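Report on one structure; see the data block that follows.
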Amino acid sequence: MNIVVLVKPALDTSNLRTAANKIMVEDTPLKISDIDRNAAEEAIRIKEKMKGGKTIAVMVSKYPPTPKRGGEAENLAREVLAMGIDEAILVIDDGLIGTDQTATAKAITEVVRKKVGQFDLVIGGEATIDGYSSQVPARIAAELGIPIITYVREISQVGSDSVVVKRDLEDEVQVVKSKLPAVITVTREINTPRIPPLLQIRMAMKKPLSKVSLGDLGLQVERRARTTDLKPLQIQRKKVLIESGTVDEKADKLIQYLSQEGVVTPR
Amino acid sequence: MRVIGVFATPSTLEVMGLAQKLGGDALVFILNGGDEAAERAGRYGAGRVVLVDCGAMCDPAALYDAVAGELSGLTHLVFPATKDGKTIAGYVAGKLGVPNLVDVVDVLAPNKFSKYSMGSRGAEEVEVDGPVALVVQPKRFQPAEKPSKPAVERRRAAPIVELTGREEKAKGSLKIEDAELIVSVGRGFKKQEDLKLAMELAEVLGAQVGCSRPIAADLKWLSEDHWVGLSGHKVRPKMYMAIGISGQPQHIAGMLESRIVVAVNTDKNAPIFQYADYGVVEDLYKFIPVLKEKLRKALGK
């Protein structure tokens, strides 16, 4: 069974660099989008169970400056290779900077068609830490013309031509059966990603990692959405700290504030 | 003439508020809804309603095939930011090759929008050329009544995947998104039984009980309908009281639109205090019972 894993070199949103009320994308470090580690883990487990085939991580670099990001993304690719993914393909091209999910999905689709070939499953995370839009996997399914099953918290059965999964929705859990190939997105609850031992990290250095450009994929991307402003989100809070006094005094103080705010109305 | 396509279930029809804000004619696809939902769409000014019978589950591919002929010429497509809504949005926008913006918070112009980004740490403005798909929290733009008499037709979208089972989630009638006051609990509580401290306080206040991710997803001390956060529920209460919650970014993203935020934590350096209007540095085990009693007296309960 050949499994494609979507691994995003994402902006580390807990380390956003800002200056003069702007988010400095170029200076913010990258990391693997958290839930993509769960996707990689699940792919490795399925491959182990099915005893055969391979797992391929597909990554798309979206942030400037391209020369620096190439090296950073390569290091991130090594992390999933160390976990047990067999091969990594990184799409990196200045033409992808500032494009929306349309371009990301098309680039991944072309990698699958032209570089991967035969595949059974595409697995991604339910959302990425930086975009959090949950749109790319469904778009890939639309491009490839295959089923999309999102928010999977358990893969109950995998056969050679079908899969049974549990979808975790707001009000219910759906048990869904789909034929393969299909695109699946997983939630954090599906597994605990492994932390690779040192030996595997060294071995990962020898695994195949290739970089491809839009030209290699025969792809031209359109730019139909532009970010005109990107600021750190600031919600003004009063930040009044109640830290001195007895427990009683602190409670009185809080009730006084809550009354002033109209949250409670003491008689 | 602007024609806006709206995809909604009967419980997310409020997304029509965004169509109203954009102006123009609304073509509303109601997924697994009946005459009552069509009538409600009419009250919000739908020009035309297509009732789509999705069968046991709304499969994006089947849905797209059923309505594809109607989508050319639409200037905007509106989807609710539910899990199914986001999936359908991605699939439909992918088929049409149009950009999509998720978590739109305001319309600056018919082709310019503001939205949250970077896991709700950034505020972004985006300009688009041509048609665009917009995904919004159902209650972000409340629709006004502007009755119309829409033509109603029916379609079927038989899923290409098969629903073989269904498990109800353990939950009460709680809808935390609608709560006016929320008392929310986190890892500062050492045992499940201790949550009763917060529950009693909530009762005195007439508040609902919320929680952070570990309480619902890992420890399962409360069902997931209590979970506030990026992957849980997004809330906008009059007051949000975070007790024993440190303030991880994913949690903050779920409550940042609260009007007043109160935090109770022993650790003065807990990040939650940066997002709070009133922060109490105290052991919750000592503080909450005292606060509860004082409030009980003050409120005459």
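Simple scheme: letters A, B, ... for chains in structure tokens order, numbers from 1 for residues in each chain, numbers from 1 for ligands in the order shown.
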Using only C-alpha atoms, determine which residues of chain B fall within 7 Å of chain A; present them as a ChimeraX atom specification. /B:61,83,86-87,90-91,94-95,97,99,102,117-119,121-129,161-169,239,273-281,287,290-291,298-300
Return as JSON, numbers by chain the full set of residues in range 33-196 of chain A whose backbone-based DSSP assignment is strand (DSSP E). {"A": [55, 56, 57, 58, 59, 60, 87, 88, 89, 90, 91, 121, 122, 123, 124, 125, 148, 149, 150, 151, 152, 153, 154, 155, 156, 157, 158, 162, 163, 164, 165, 166, 167, 168, 172, 173, 174, 175, 176, 177, 178, 179, 182, 183, 184, 185, 186]}
Write out as a Markdown table a residue-level contact list of range 1-29 of chain A versus range 37-45 of chain A with cut-off 9 Å: for each qualifying residue the closest pair of atoms and the distance in Å to one decimal, counting only C-alpha atoms, rows sorted by chain and residue number upward.
| residue | atom | partner | partner_atom | distance |
| --- | --- | --- | --- | --- |
| A:Ile3 | CA | A:Ala43 | CA | 6.4 |
| A:Val4 | CA | A:Ala43 | CA | 8.0 |
| A:Val5 | CA | A:Ala40 | CA | 6.0 |
| A:Leu6 | CA | A:Ala39 | CA | 7.6 |
| A:Val7 | CA | A:Arg37 | CA | 7.7 |
Contacts of Tyr44 in chain B at 8 Å or less, counting only C-alpha atoms, minus same-chain residues fewer than 5 places along, as a list in words?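 Using only C-alpha atoms, the neighbours found are Met16, Gly17, Pro143, Ala144, Glu145, Lys146, Pro147 and Ser148 of chain B.
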For Ile190 in chain A, list every protein, DNA or RNA residue within 7 Å, evaluated using only C-alpha atoms, and leave out those in the same chain fewer than 3 positions away; present the list as a ChimeraX atom specification. /A:153-154,186-187
Could you turn the residues from that selection into a file that holds C-alpha atoms, as a PDB file, in the first residue's frame?
ATOM      1  CA  ARG A 153     -10.055   9.841  14.850  1.00  0.00           C
ATOM      2  CA  GLU A 154      -9.739   6.140  14.202  1.00  0.00           C
ATOM      3  CA  VAL A 186      -6.912  12.898  10.971  1.00  0.00           C
ATOM      4  CA  THR A 187      -7.382  14.544  14.368  1.00  0.00           C
TER       5      THR A 187
END
Å distance separating CA of Phe79 in chain B from CA of Ala109 in chain B, one decimal place: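 For CA of Phe79 in chain B relative to CA of Ala109 in chain B, the distance reads 18.4 Å.
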Surrounding residues of Thr12 in chain B excluding itself and chain neighbours under 5 positions, 10 Å, only C-alpha atoms, as a list in words: Phe7, Ile30, Leu31, Phe79, Pro80, Ala81, Thr82, Gly85, Gln137, Pro138 and Lys139 of chain B
Taking N, CA and C atoms for each residue, export the selection above as a PDB file, in the first residue's frame.
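That gives us part22.pdb:
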ATOM      1  N   PHE B   7     -24.429  27.662   1.171  1.00  0.00           N
ATOM      2  CA  PHE B   7     -24.605  26.254   1.526  1.00  0.00           C
ATOM      3  C   PHE B   7     -24.839  26.207   3.026  1.00  0.00           C
ATOM      4  N   ILE B  30     -29.943  24.162   0.822  1.00  0.00           N
ATOM      5  CA  ILE B  30     -30.146  23.678   2.196  1.00  0.00           C
ATOM      6  C   ILE B  30     -29.933  22.176   2.210  1.00  0.00           C
ATOM      7  N   LEU B  31     -28.952  21.754   3.026  1.00  0.00           N
ATOM      8  CA  LEU B  31     -28.575  20.354   3.049  1.00  0.00           C
ATOM      9  C   LEU B  31     -29.404  19.607   4.086  1.00  0.00           C
ATOM     10  N   PHE B  79     -20.213  29.401   3.221  1.00  0.00           N
ATOM     11  CA  PHE B  79     -20.312  28.115   3.912  1.00  0.00           C
ATOM     12  C   PHE B  79     -20.214  28.336   5.427  1.00  0.00           C
ATOM     13  N   PRO B  80     -20.893  27.519   6.231  1.00  0.00           N
ATOM     14  CA  PRO B  80     -20.734  27.634   7.692  1.00  0.00           C
ATOM     15  C   PRO B  80     -19.422  26.990   8.141  1.00  0.00           C
ATOM     16  N   ALA B  81     -18.801  27.556   9.177  1.00  0.00           N
ATOM     17  CA  ALA B  81     -17.520  27.022   9.663  1.00  0.00           C
ATOM     18  C   ALA B  81     -17.734  25.848  10.617  1.00  0.00           C
ATOM     19  N   THR B  82     -18.540  24.877  10.198  1.00  0.00           N
ATOM     20  CA  THR B  82     -18.652  23.622  10.940  1.00  0.00           C
ATOM     21  C   THR B  82     -17.697  22.638  10.277  1.00  0.00           C
ATOM     22  N   GLY B  85     -19.116  21.733   7.012  1.00  0.00           N
ATOM     23  CA  GLY B  85     -19.130  22.944   6.185  1.00  0.00           C
ATOM     24  C   GLY B  85     -17.762  23.250   5.606  1.00  0.00           C
ATOM     25  N   GLN B 137     -18.223  31.607  10.821  1.00  0.00           N
ATOM     26  CA  GLN B 137     -18.933  31.094  11.995  1.00  0.00           C
ATOM     27  C   GLN B 137     -20.408  31.421  11.780  1.00  0.00           C
ATOM     28  N   PRO B 138     -21.300  30.444  11.980  1.00  0.00           N
ATOM     29  CA  PRO B 138     -22.706  30.659  11.635  1.00  0.00           C
ATOM     30  C   PRO B 138     -23.314  31.913  12.255  1.00  0.00           C
ATOM     31  N   LYS B 139     -22.865  32.274  13.465  1.00  0.00           N
ATOM     32  CA  LYS B 139     -23.527  33.403  14.123  1.00  0.00           C
ATOM     33  C   LYS B 139     -22.772  34.711  13.970  1.00  0.00           C
TER      34      LYS B 139
END
Using only C-alpha atoms, which protein or nucleic acid residues come within 7 Å of range 199-206 of chain B? Drop anything in the same chain fewer than 5 positions from it, and give the result as a PyMOL selection string. chain B and resi 183+292+296
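Atom to atom, CA of Pro181 in chain A and CA of Val78 in chain B stand 29.0 Å apart.
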